[in-house]
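Encoded as structure tokens, the structure appears first; notes follow it.
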Amino acid sequence: ENDLIIEKKIPDADAVTMKYNIRDLLTFSQDGNLSAASESVGTKYDEYGRPTETGFVSGLPGNPDASFSFSEVLTRNYYDGDDGTTQLSLSTYPQYQGKVRRSEAKVLGSSSTFLHTTFTYDAYGRVTNTAGNNYLNSGSSTAESVDMTYDWADNLLTQDRTHNPGSGATTGTQSIDFEWQYDHMGRSINYFFDLNSSNTHLAEYNYNNRDELIERNLHSNYQSSLWAWWQSIDY
């Protein structure tokens with residue numbers, strides 16, 4: 001009666017069954033593989049309807065509004081300045097209200113290894129840093145770090161990523177940087193990529209006075225003191 005999809009069937013696949021709670025939020029889903037394993041995927045929500053945990057549930061519970069437990073947790077999300085361990089003061093950091101502070105996803109097949117990311121926001125609510133681990137360096141909280149800067153119009157200017165695979169990897173820490181440039185009208189005009197201080201001009205965009213894209217140049221190659229492009233398209 002609420003116009004919700006409760007079963008979906010596509011060719012060559014078993015039906016997918018879906019159950020919703022009293023707020024019309026998807027709580028349980030089960031496909032053919034999960035049915036054969038006598039499991040379903042469940043989702044728990046906070047009071048604002050935001051997903052806080054997902055995981056495997058034994059069987060397919062009949063009442064989506066009853067409390068249930070996971071046989072294996074798959075993801076976790078923390079909001080409003082909470083990272084699962086500490087709680088930021090929302091009176092001091094109001095920009096965290098309503099935003100994800102930390103997310104976690106389990107590595108399937110592992111006993112308790114989660115890949116996690118913690119988000120940092122500036123006073124305008126923009127993400128300025130993400131930090132977490134990676135599969136090769138799961139014990140570090142900063143193995144995967146990305147810093148971002150913006151202009152006054154909230155356009156993303158730079159994204160600087162540091163990838164540290166740990167001491168057991170065949171390669172060391174990698175620095176992967178992106179840069180965007182805009183004109184006075186906020187149109188993208190240049191796009192750069194830098195891998196370990198090896199800079200590449202990936203794209204250049206030119207416009208006419210009617211705000212129409214008239215030229216797109218892709219992947220520059222420095223030759224004979226002149227910039228050349230692997231591909232140039234005129235419009």
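Naming works like this for the structure tokens: A, B, ... for the chains as they're shown, residue 1 at the start of each chain, ligands 1 onward in shown order.
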
Name the residues in contact with range 181-198 of chain A at a cut-off of 12 Å, using only C-alpha atoms, excluding same-chain residues fewer than 3 positions from it; report them as a tab-separated table (two decimals) with N, CA and C atoms, in the first residue's frame.
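Saved the output as selection-v2.tsv:
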chain	number	residue	atom	x	y	z
A	149	THR	N	41.69	21.68	-1.03
A	149	THR	CA	41.53	23.12	-0.88
A	149	THR	C	40.49	23.61	-1.87
A	150	TYR	N	39.87	24.76	-1.55
A	150	TYR	CA	38.78	25.31	-2.35
A	150	TYR	C	39.01	26.81	-2.56
A	151	ASP	N	38.31	27.37	-3.56
A	151	ASP	CA	38.34	28.81	-3.73
A	151	ASP	C	37.11	29.42	-3.06
A	152	TRP	N	36.96	30.75	-3.22
A	152	TRP	CA	35.86	31.44	-2.53
A	152	TRP	C	34.49	31.02	-3.03
A	153	ALA	N	34.44	30.41	-4.24
A	153	ALA	CA	33.17	29.94	-4.80
A	153	ALA	C	32.94	28.46	-4.53
A	154	ASP	N	33.70	27.86	-3.65
A	154	ASP	CA	33.60	26.44	-3.28
A	154	ASP	C	34.03	25.50	-4.39
A	155	ASN	N	34.75	26.00	-5.39
A	155	ASN	CA	35.31	25.12	-6.42
A	155	ASN	C	36.53	24.40	-5.86
A	156	LEU	N	36.63	23.11	-6.13
A	156	LEU	CA	37.77	22.33	-5.66
A	156	LEU	C	39.02	22.73	-6.44
A	157	LEU	N	40.06	23.18	-5.73
A	157	LEU	CA	41.30	23.63	-6.37
A	157	LEU	C	42.35	22.54	-6.41
A	158	THR	N	42.60	21.91	-5.28
A	158	THR	CA	43.63	20.88	-5.21
A	158	THR	C	43.15	19.69	-4.40
A	159	GLN	N	43.65	18.53	-4.77
A	159	GLN	CA	43.38	17.30	-4.02
A	159	GLN	C	44.69	16.53	-3.96
A	160	ASP	N	45.30	16.51	-2.78
A	160	ASP	CA	46.62	15.91	-2.60
A	160	ASP	C	46.49	14.63	-1.77
A	161	ARG	N	46.80	13.52	-2.41
A	161	ARG	CA	46.64	12.22	-1.78
A	161	ARG	C	47.99	11.60	-1.46
A	162	THR	N	48.11	11.05	-0.27
A	162	THR	CA	49.30	10.30	0.14
A	162	THR	C	48.90	8.86	0.37
A	163	HIS	N	49.55	7.96	-0.36
A	163	HIS	CA	49.24	6.53	-0.27
A	163	HIS	C	50.45	5.81	0.29
A	172	GLY	N	57.13	2.21	-2.09
A	172	GLY	CA	57.00	3.06	-0.92
A	172	GLY	C	55.82	4.00	-1.01
A	173	THR	N	55.86	5.06	-0.19
A	173	THR	CA	54.78	6.03	-0.15
A	173	THR	C	54.68	6.78	-1.46
A	174	GLN	N	53.45	6.91	-1.95
A	174	GLN	CA	53.20	7.59	-3.21
A	174	GLN	C	52.45	8.90	-2.95
A	175	SER	N	52.85	9.95	-3.69
A	175	SER	CA	52.18	11.24	-3.62
A	175	SER	C	51.42	11.45	-4.92
A	176	ILE	N	50.10	11.59	-4.83
A	176	ILE	CA	49.23	11.69	-6.01
A	176	ILE	C	48.42	12.97	-5.87
A	177	ASP	N	48.68	13.95	-6.75
A	177	ASP	CA	48.08	15.28	-6.61
A	177	ASP	C	47.29	15.65	-7.85
A	178	PHE	N	46.14	16.32	-7.64
A	178	PHE	CA	45.32	16.85	-8.71
A	178	PHE	C	45.14	18.35	-8.48
A	201	HIS	N	49.93	17.91	-17.59
A	201	HIS	CA	48.79	18.78	-17.89
A	201	HIS	C	47.75	17.93	-18.61
A	202	LEU	N	46.74	17.48	-17.89
A	202	LEU	CA	45.79	16.52	-18.47
A	202	LEU	C	44.81	17.16	-19.44
A	203	ALA	N	44.36	18.37	-19.15
A	203	ALA	CA	43.32	18.95	-20.00
A	203	ALA	C	43.34	20.46	-19.94
A	204	GLU	N	42.94	21.06	-21.07
A	204	GLU	CA	42.76	22.51	-21.16
A	204	GLU	C	41.46	22.77	-21.90
A	205	TYR	N	40.67	23.74	-21.41
A	205	TYR	CA	39.37	24.04	-22.00
A	205	TYR	C	39.31	25.53	-22.36
A	206	ASN	N	38.85	25.82	-23.57
A	206	ASN	CA	38.73	27.20	-24.04
A	206	ASN	C	37.28	27.48	-24.44
A	207	TYR	N	36.82	28.71	-24.15
A	207	TYR	CA	35.43	29.09	-24.36
A	207	TYR	C	35.35	30.36	-25.19
A	208	ASN	N	34.19	30.58	-25.81
A	208	ASN	CA	33.96	31.85	-26.49
A	208	ASN	C	33.18	32.79	-25.59
A	209	ASN	N	32.86	33.98	-26.13
A	209	ASN	CA	32.17	34.98	-25.30
A	209	ASN	C	30.71	34.65	-25.05
A	210	ARG	N	30.21	33.56	-25.63
A	210	ARG	CA	28.84	33.11	-25.37
A	210	ARG	C	28.81	31.94	-24.39
A	211	ASP	N	29.92	31.71	-23.72
A	211	ASP	CA	30.02	30.66	-22.70
A	211	ASP	C	29.95	29.27	-23.30
A	212	GLU	N	30.36	29.13	-24.56
A	212	GLU	CA	30.34	27.84	-25.24
A	212	GLU	C	31.76	27.28	-25.31
A	213	LEU	N	31.88	25.98	-25.06
A	213	LEU	CA	33.18	25.32	-25.18
A	213	LEU	C	33.56	25.24	-26.65
A	214	ILE	N	34.71	25.82	-27.02
A	214	ILE	CA	35.13	25.82	-28.42
A	214	ILE	C	36.38	24.98	-28.66
A	215	GLU	N	37.10	24.61	-27.58
A	215	GLU	CA	38.29	23.79	-27.77
A	215	GLU	C	38.58	23.00	-26.50
A	216	ARG	N	38.91	21.73	-26.71
A	216	ARG	CA	39.31	20.87	-25.59
A	216	ARG	C	40.62	20.18	-25.97
A	217	ASN	N	41.65	20.42	-25.19
A	217	ASN	CA	42.95	19.81	-25.42
A	217	ASN	C	43.25	18.82	-24.32
A	218	LEU	N	43.72	17.62	-24.69
A	218	LEU	CA	43.92	16.55	-23.73
A	218	LEU	C	45.36	16.06	-23.74
A	219	HIS	N	45.93	15.90	-22.57
A	219	HIS	CA	47.23	15.29	-22.30
A	219	HIS	C	48.36	15.99	-23.07
A	220	SER	N	48.99	16.93	-22.39
A	220	SER	CA	50.08	17.66	-23.02
A	220	SER	C	51.36	16.84	-23.05

If we count only C-alpha atoms and set the cut-off at 12 Å, which residues sit around range 20-33 of chain A, ignoring sequence neighbours fewer than 5 positions away in its own chain? Please answer as a ChimeraX atom specification.
/A:1-10,12-15,38-68,70

Could you please determine the separation between CA of Tyr96 in chain A and CA of Ser69 in chain A in Å, to one decimal place?
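We find that CA of Tyr96 in chain A and CA of Ser69 in chain A lie 28.7 Å from each other.
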
Expected answer as an NGL selection string: strand (DSSP E or B) residues in range 22-229 of chain A:
:A and (26-30 or 39-45 or 51-58 or 72-79 or 82 or 87 or 100-106 or 114-121 or 127-132 or 134 or 137 or 144-150 or 156-163 or 174-182 or 188-195 or 198-207 or 213-223 or 226-229)

Compare A:Pro11, A:Gly139, A:Gly132, A:Pro165 by their minimum atom-to-atom distance to Asp83 in chain A, counting only C-alpha atoms, and give me the closest one.
A:Gly132

Between CA of Asp80 in chain A and CA of Gly98 in chain A, what is the distance, to one decimal in Å?
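Atom-to-atom, CA of Asp80 in chain A to CA of Gly98 in chain A, that is 5.3 Å.
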
Find the residues near Phe114 in chain A: any atom within 7 Å, counting only C-alpha atoms, skip ones fewer than 5 places away on the same chain, and give them as a list in words.
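Near neighbours after the sequence-gap exclusion: Glu104, Ala105, Lys106 and Val107 of chain A.
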
For N, CA and C atoms, I'd like the residues from the last selection saved as a short mmCIF file (atom, residue, chain, number, x, y, z; two decimals), in the first residue's frame.
data_model
loop_
_atom_site.label_atom_id
_atom_site.label_comp_id
_atom_site.auth_asym_id
_atom_site.auth_seq_id
_atom_site.Cartn_x
_atom_site.Cartn_y
_atom_site.Cartn_z
N GLU A 104 33.21 2.89 7.99
CA GLU A 104 34.00 1.66 8.07
C GLU A 104 33.35 0.59 7.20
N ALA A 105 34.18 -0.18 6.50
CA ALA A 105 33.71 -1.29 5.67
C ALA A 105 34.60 -2.48 5.91
N LYS A 106 33.99 -3.62 6.19
CA LYS A 106 34.77 -4.81 6.51
C LYS A 106 35.37 -5.43 5.26
N VAL A 107 36.60 -5.92 5.39
CA VAL A 107 37.24 -6.68 4.32
C VAL A 107 36.63 -8.08 4.35
#

Which one of A:Ser111, A:Gly125, A:Val73, A:Asn199 sits closest to Gln97 in chain A if you count only C-alpha atoms?
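Counting only C-alpha atoms, the residue closest to Gln97 in chain A is A:Gly125.
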
Could you name the residues that touch range 85-91 of chain A at 12 Å or less, counting only C-alpha atoms, but leaving out those on the same chain fewer than 3 positions away, as JSON, numbers by chain?
{"A": [78, 79, 80, 81, 82, 94, 95, 96, 97, 98, 99, 101, 102, 118, 120, 121, 123]}

What gap, in Å, lies between CA of Tyr135 in chain A and CA of Glu72 in chain A?
19.1 Å
